[in-house]
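What follows is one structure encoded as structure tokens, with my remarks underneath.
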Amino acid sequence: MKVSKLRKNSPSATMLDPAILLPAIGQAFVKLDPRTLVKNPVMFVLEVVTALATVLTVRDAFTGGGDMLFELQIAIWLWFTILFANFAEAVAEGRGKAQADTLRQTRAQTTAKRLLMPGNNELYEGVAAERLEVGDLVLCEAGDTIPGDGEVIEGIASVNEAAVTGESAPVIRESGGDRSAVTGGTTVISDRIVVRITTAVGSSFLDRMIKLVEGAERQKTPNEIALNILLVGLTLIFVVVVDAIPSFATYAGGSISVVVLVALFVTLIPTTIGALLSAIGIAGMDRLVRFNVLAMSGRAVEAAGDIDTLLLDKTGTITFGNRLASEIIPVPGVSEAEAAEAALLASQADETAEGRSIVALAREKFGLSMDEAPSDATFIPFSATTRLSGIDAGGRRLRKGAVDSVLKFVRDESRADVAEPPAFRAAVDRIARAGGTPLGLAEAGRLLGVIHLKDVVKPDVKERFAALRRMGIKTVMITGDNPVTAASIASEAGVDDFIAQATPEDKLRYIRGEQANGRLIAMCGDGTNDAPALAQADVGVAMQSGTQAAREAGNMVDLDSDPTKLIEVVEIGKQLLMTRGALTTFSIANDVAKYFAIIPAIFVAFYPQLGALNIMGLSTPQSAILSAIVFNALIIIALIPLALKGVTYRPVGAVALLRRNLLIYGLGGIVLPFIGIKVIDLAVTALHLA
Amino acid sequence: MTLIGWTQIILFCAVVVALTPLLGAYLTRVFDGRIALLRPVETGLYRLAGVDPQREQHWLSYTVAMLLFHVAGFALLYGLLRLQSLLPFNPAEQGAVAPDLALNTVISFLTNTNWQNYGGESALSYLTQMLGLTVQNFLSAATGMVLAVALIRGFARASAKTIGNFWVDVTRCTLYVLLPISIVFTIFLVWQGMPQTLGPYVDAATVEGGKQTIALGPVASQVAIKMLGTNGGGFFNANAAHPFENPTALSNFVQMLSIFVLGAALTNVFGRMVGDQRQGWAILAAMGVLFIAGVAVCYWAEAHGTEAMRALGLAGGNMEGKETRFGIAASALFAVVTTAASCGAVNAMHDSFTALGGMIPLINMELGEIVIGGVGAGLYGMLLFVVITIFLAGLMVGRTPEYVGKKIEAREVKMAMLAILILPLVMLGFTAIAVVVPSAVASMGNAGPHGYSEVLYAFTSQAANNGSAFGGLSGNTPFYNLTGAIAMFLGRFWMIVPAMAIAGSLAAKRSVAATAGTFPTTGPLFVGLLVGTILIVGGLTFFPALAVGPIAEHLSMLQGVAY
């Protein structure tokens with residue numbers, strides 16, 4: 001089974017990068033502020049009871065009551081627990097901050113050339129970019145930085161968008177059509193364009209991107225809110241449980257110190273997941289950003305995990321996007337070599353992908369070589385009227401092109417009604433049925449054969465789609481091809497369904513239909529006419545190269561404009577949810593061992609027989625309680641790497657996935673603390689700490 | 001443990017499982033309105049009450065209707081108890097019931113608890129028993145069932161505003177389910193030797209020449225619904241241990257069956273209504289695992305007995321407080337059945353069980369009686385745990401949690417947690433108060449951990465709306481009457497309202513399609529997960545309380561110390 005790996009576009013900061021760790025330590029202390037901590041209810045409760053334990057410890061230090069050294073250690077470890085939790089969050093945020101700083105540099109002072117009179121491109125004033133307003137027209141010439149997000153309303157230019165996408169090859173931006181959107185912070189390399197500013201300062205794409213990676217605008221996602229409610233509920237239950245204990249002790253004729261009760265309470269409430277919850281969320285967003293995809297909300301990332309159906313554009317995602325020559329079929333009476341040689345010559349000057357693939361095929365398959373075209377050659381470029389291209393060289397007139405046009409060329413050249421050989425027609429039909437494009441080949445008045453141009457399916461997509469199917473995700477291919485061609489490619493690629501001759505309306509209709517059946521849909525798109533479908537889809541990934549309308553409609557933007565990434569986006573969403581679930585399960589399963597450490601310890605004074613519950617054989621009641629608290633704190637640190645990296649995702653069915661995760665995080669969560677607490681107890685005893 | 005004992009237990013389980021799909025199919029038809037045998041009676045009743053049977057209710061109106069219904073029930077029953085001396089059918093000339101006891105009793109019967117701080121034959125008139133208690137036995141059972149059905153509709157419906165009509169559901173449940181089965185069951189019980197008379201108590205001359213008054217009454221009719229509706233309130237103080245209330249081994253077996261059948265069948269109704277019976281079977285399987293485990297431990301503990309008894313020369317397990325007619329297996333099975341469900345009828349003294357044997361009924365109730373449970377209440381309690389389980393573990397398949405096509409989101413989690421919170425709050429809270437209030441401690445029948453267990457059991461039983469008594473505790477004091485009434489009230493309604501809110505919010509959601517990536521909720525994996533979650537969440541909550549009660553007692557017993 002192939003485990004899909006999420007490739008990363010930027011080198012990931014390692015866990016031990018001091019540039020992130022050192023400030024995070026400072027941040028951990030800053031985050032002790034109750035006003036910050038109150039956003040995380042479990043941690044806030046922890047801080048309150050820790051403060052209580054600290055006050056009591058200080059009081060005992062003055063009055064001389066209680067077991068000073070023991071209480072002090074408990075209090076210190078409780079503070080460590082909070083600091084570790086804060087540290088986890090700070091590390092997660094730190095990784096985003098580093099990226100935001102890089103982005104911010106590109107947003108340096110820009111002076112815009114604001115046009116004073118629409119239509120007059122010579123009359124402009126210099127204005128600081130941050131003072132531009134929506135609707136302003138600005139002129140951008142070679143070398144200028146585009147001052148804000150907008151739409152090209154006049155002209156055409158090549159633009160370097162490396163500041164945003166990291167891709168240094170320039171892209172063309174022109175007025176009208178699907179390539180009219182420009183992003184603030186990118187640089188015009190050649191020519192000049194007039195841009196109408198479409199977003200206000202502070203909410204531009206670059207601004208949003210900075211805020212997103214920094215986590216400044218991070219809001220709790222719906223699932224995170226629900227999980228928080230669950231954790232608060234569990235915490236409340238344990239408030240009741242622990243509050244009832246003193247009375248039970250009184251009945252039994254004993255008493256239990258408040259610090260010990262605090263210790264019991266803290267080990268029982270779900271501090272582990274409470275501590276790591278926000279780090280998991282930030283890290284999930286961060287993984288997307290590293291992958292050059294910007295999610296406009298955390299909700300979108302969660303929705304990605306829930307996707308049932310992927311709408312994939314055929315071109316570029318499923319196939320290479322260019323039709324490539326796969327065979328050359330001569331008509332009867334023409335040898336294969338002759339046809340191949342003619343094809344090679346006819347394509348010699350053809351720089352299109354199709355042309356080059358014909359040359360490559362002829363060379364590879366027939367061993368022909370011809371490095372340069374004859375010196376007297378005249379190239380005939382393809383034109384929409386003739387639908388032919390070719391070459392006139394050494395008295396030969398070679399043409400290739402649409403079958404009808406080639407036949408017409410043959411008839412015109414021979415000035416006779418040349419009959420179409422049945423074998424030729426059969427080959428043409430066969431190619432069309434298989435979803436390919438037949439390309440006629442002729443020399444002057446003589447038909448030579450047909451070239452089979454084929455939409456080549458990418459080598460690994462079939463396995464990929466099979467993996468998606470195991471995860472319960474349906475793949476749907478969208479193509480402008482006719483149904484016959486579409487069906488052929490669909491079966492070759494192994495997609496579950498396809499929409500042929502798809503119009504934007506078809507996509508929208510399909511999405512609505514699937515949603516009505518209770519499915520969540522993801523799609524990607526770039527054109528303005530994709531906008532409604534992008535908005536309707538549960539996850540709409542807009543290409544950075546696309547129009548402003550598309551980018552507004554989608555809830556994610558792919559900076560690389562690579563439609564294949566839709567699959568990885570889904571995987572990242574699932575990974576985020578899985579990590580959250582695994583650590584929640586782990587956190588709660590941990591409680592079992594903690595109970596067996598603490599309950600005998602607190603009751604053994606008045607019910608000595610409860611010593612039998614001390615199945616770990618912890619040395620003293622004090623060391624048992626201290627060990628449980630220390631384990632509870634250290635486990636947070638131990639799990640930070642997992643929270644940031646995420647639980648390994650495997651494209652297998654839900655049953656297999658659940659079984660595996662339950663085994664590791666459920667059963668492991670029950671067993672591990674028994675071992676951990678025992679080991680810590682041995683250390684505590686050896687060091688005579690309690 | 002004996003082969004005969006296990007045969008009884010296995011036979012019992014087999015019959016329950018066999019009846020589940022049959023009754024499930026019937027109940028589904030009843031609640032879908034597809035049984036119209038008594039349509040004229042129904043229509044007459046609706047017209048009388050001014051109810052439009054076609055008009056369904058929003059979850060809030062449904063809940064309010066249910067609550068109003070209980071207010072009326074409260075007024076009627078409280079009036080009867082206080083005024084019974086002035087009313088007919090009172091051959092034993094019972095006087096008015098004291099206000100605190102009346103309050104406790106009314107809440108007890110309204111909430112399907114049937115906690116009895118009174119002795120039936122020594123405090124209540126026939127009229128009170130029949131018109132008051134028996135009627136509430138029907139209505140509280142019907143209420144539990146229709147609430148479960150309303151919650152099921154929440155799961156089953158998509159993008160819907162309503163979850164049914166409370167009045168219609170209660171009428172149909174009573175007319176087509178509870179009444180007919182009770183009538184047949186009553187006749188069966190009379191045949192088994194149970195009294196059914198309005199005549200006065202009988203005086204008999206004993207062999208020694210003394211005089212004994214033998215209490216009689218309309219016993220069979222009340223016992224039928226007491227069992228079927230998991231009410232558990234005995235006609236006599238000794239409940240199902242009384243020979244008139246449980247005459248034979250066969251009546252004992254059928255009574256146990258009748259406690260479980262409706263609750264078990266509702267799991268099948270759930271499966272049918274959500275369109276996949278396996279969903280219902282999975283829930284029943286989880287209940288079954290917990291049940292068998294409970295029976296095994298309880299039976300083992302009782303059959304094994306204690307060293308102290310063997311030292312006294314008593315062989316053959318712990319027979320203290322058990323009827324020789326039933327023996328250890330049937331007593332242990334009955335104890336687990338009655339507390340797994342929210343029945344609370346008892347055929348043996350739970351107080352006299354061994355520490356571990358007596359802990360099983362306690363745990364059953366602490367978990368919220370979700371093993372079959374009270375009719376309806378068991379299923380909605382279990383579904384709340386399912387919501388929690390799905391939410392905890394569901395994320396691990398990489399999707400936001402969903403169950404039978406419904407996304408489990410913040411609102412459902414909030415309501416489920418609110419409902420689950422009430423049990424520890426009431427059970428532990430009141431116990432914590434009672435064990436330090438001197439007057440409450442004085443009511444205990446024993447010292448040390450055992451006395452503590454009696455109090456814990458009392459509040460657990462009332463909060464879980466079980467009604468079984470551990471015994472030993474003298475509960476008829478103003479303190480226990482009042483705190484008990486509060487415990488029963490909160491245990492019932494604080495659970496119901498959030499459950500109905502979940503029903504409403506689920507019904508309004510659109511339904512999500514199931515795929516290979518969907519969290520599996522039918523296989524053994526899910527059953528194991530559900531059982532694990534229930535034990536861990538429930539266990540974590542009550543472990544300290546159990547540690548200082550039955551566990552401490554058991555461990556001291558091993559050291560030869562008894563309380």
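Labels used: A, B, ... for chains in the order of the structure tokens, numbers from 1 for residues in each chain, and numbers from 1 for ligands as shown.
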Exercise for the section: Could you please tell me, as a VMD selection string, which residues of chain A have an atom within 7 Å of chain B when using only C-alpha atoms? Expected result: chain A and resid 223 225 to 226 229 to 230 233 237 to 238 240 to 241 244 247 to 248 251 to 252 305 to 306 470 to 472 517 to 519 574 to 575 577 to 578 580 to 582 584 to 585 599 607 609 to 610 653 to 655 657 to 658 661
Exercise for the section: Would you please extract all strand (DSSP E or B) residues from region 382-456 of chain A, as assigned by DSSP on the backbone, and give them as number ranges by chain? Expected result: A: 388-393, 396-402, 437-443, 446-456
Problem - All residues 10 Å or closer to Val184 (chain B), only C-alpha atoms, same chain fewer than 4 positions away omitted, as a ChimeraX atom specification - result: /B:179-180,188-189,221,224
Problem - Who sits within 10 Å of Phe493 (chain B), only C-alpha atoms, same chain under 6 positions skipped, as a list in words - result: Thr63, Leu67, Thr111, Ala419, Ile422 and Ala499 of chain B
Write the residues you've just listed into a file as a CSV table (one decimal), in the first residue's frame, and include N, CA, C and O atoms for each of them.
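Wrote selection-v3.csv, looks like this:
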```csv
chain,number,residue,atom,x,y,z
B,63,THR,N,-41.7,19.1,24.6
B,63,THR,CA,-41.2,19.0,25.9
B,63,THR,C,-42.1,19.7,26.9
B,63,THR,O,-42.4,19.2,28.0
B,67,LEU,N,-44.1,18.3,30.1
B,67,LEU,CA,-44.0,18.9,31.5
B,67,LEU,C,-45.4,19.2,32.0
B,67,LEU,O,-45.6,18.9,33.2
B,111,THR,N,-41.7,10.2,38.1
B,111,THR,CA,-40.4,10.0,37.4
B,111,THR,C,-40.1,8.6,37.1
B,111,THR,O,-39.0,8.3,36.7
B,419,ALA,N,-26.6,16.7,30.3
B,419,ALA,CA,-27.4,15.6,30.8
B,419,ALA,C,-26.6,14.6,31.7
B,419,ALA,O,-27.0,14.1,32.7
B,422,ILE,N,-25.6,15.6,35.4
B,422,ILE,CA,-26.5,15.6,36.5
B,422,ILE,C,-26.4,14.4,37.4
B,422,ILE,O,-26.6,14.5,38.6
B,499,ALA,N,-32.0,16.0,26.3
B,499,ALA,CA,-32.1,15.0,25.3
B,499,ALA,C,-33.1,15.4,24.2
B,499,ALA,O,-32.9,15.2,23.0
```
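From CA of Glu552 (chain A) back to CA of Asn121 (chain A), the distance works out to 28.5 Å.
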Practice task
Show which residues sit within 8 Å of region 148-154 of chain A, as a PyMOL selection string. Count only C-alpha atoms, and ignore same-chain residues fewer than 5 positions away.
Solution key: chain A and resi 129+173-176+180-185+193-199+201+204-205+548
Go ahead and dump the residues you just picked, C-alpha atoms, as a short mmCIF file (atom, residue, chain, number, x, y, z; two decimals), in the first residue's frame.
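What ended up in selection_7.cif:
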```
data_model
loop_
_atom_site.label_atom_id
_atom_site.label_comp_id
_atom_site.auth_asym_id
_atom_site.auth_seq_id
_atom_site.Cartn_x
_atom_site.Cartn_y
_atom_site.Cartn_z
CA ALA A 129 0.12 52.48 -1.22
CA ARG A 173 -1.75 39.50 -16.53
CA GLU A 174 -4.10 41.19 -18.96
CA SER A 175 -7.36 43.00 -18.99
CA GLY A 176 -10.51 40.98 -19.55
CA SER A 180 -7.01 39.90 -14.95
CA ALA A 181 -6.39 39.63 -11.21
CA VAL A 182 -3.22 41.05 -9.74
CA THR A 183 -1.98 40.80 -6.19
CA GLY A 184 -0.47 43.58 -4.17
CA GLY A 185 3.24 43.12 -3.52
CA ILE A 193 -1.06 47.99 -17.08
CA VAL A 194 -3.77 50.02 -15.46
CA VAL A 195 -5.14 48.37 -12.35
CA ARG A 196 -8.34 49.14 -10.53
CA ILE A 197 -7.88 48.57 -6.79
CA THR A 198 -10.50 46.11 -5.51
CA THR A 199 -9.64 45.57 -1.86
CA VAL A 201 -5.86 48.46 2.66
CA SER A 204 -5.59 42.64 0.84
CA PHE A 205 -4.56 39.16 0.02
CA GLN A 548 -10.31 37.89 -8.43
#
```
Handout entry: CA of Leu32 (chain A) to CA of Val55 (chain A), distance in Å rounded to a single decimal
Key = 16.6 Å
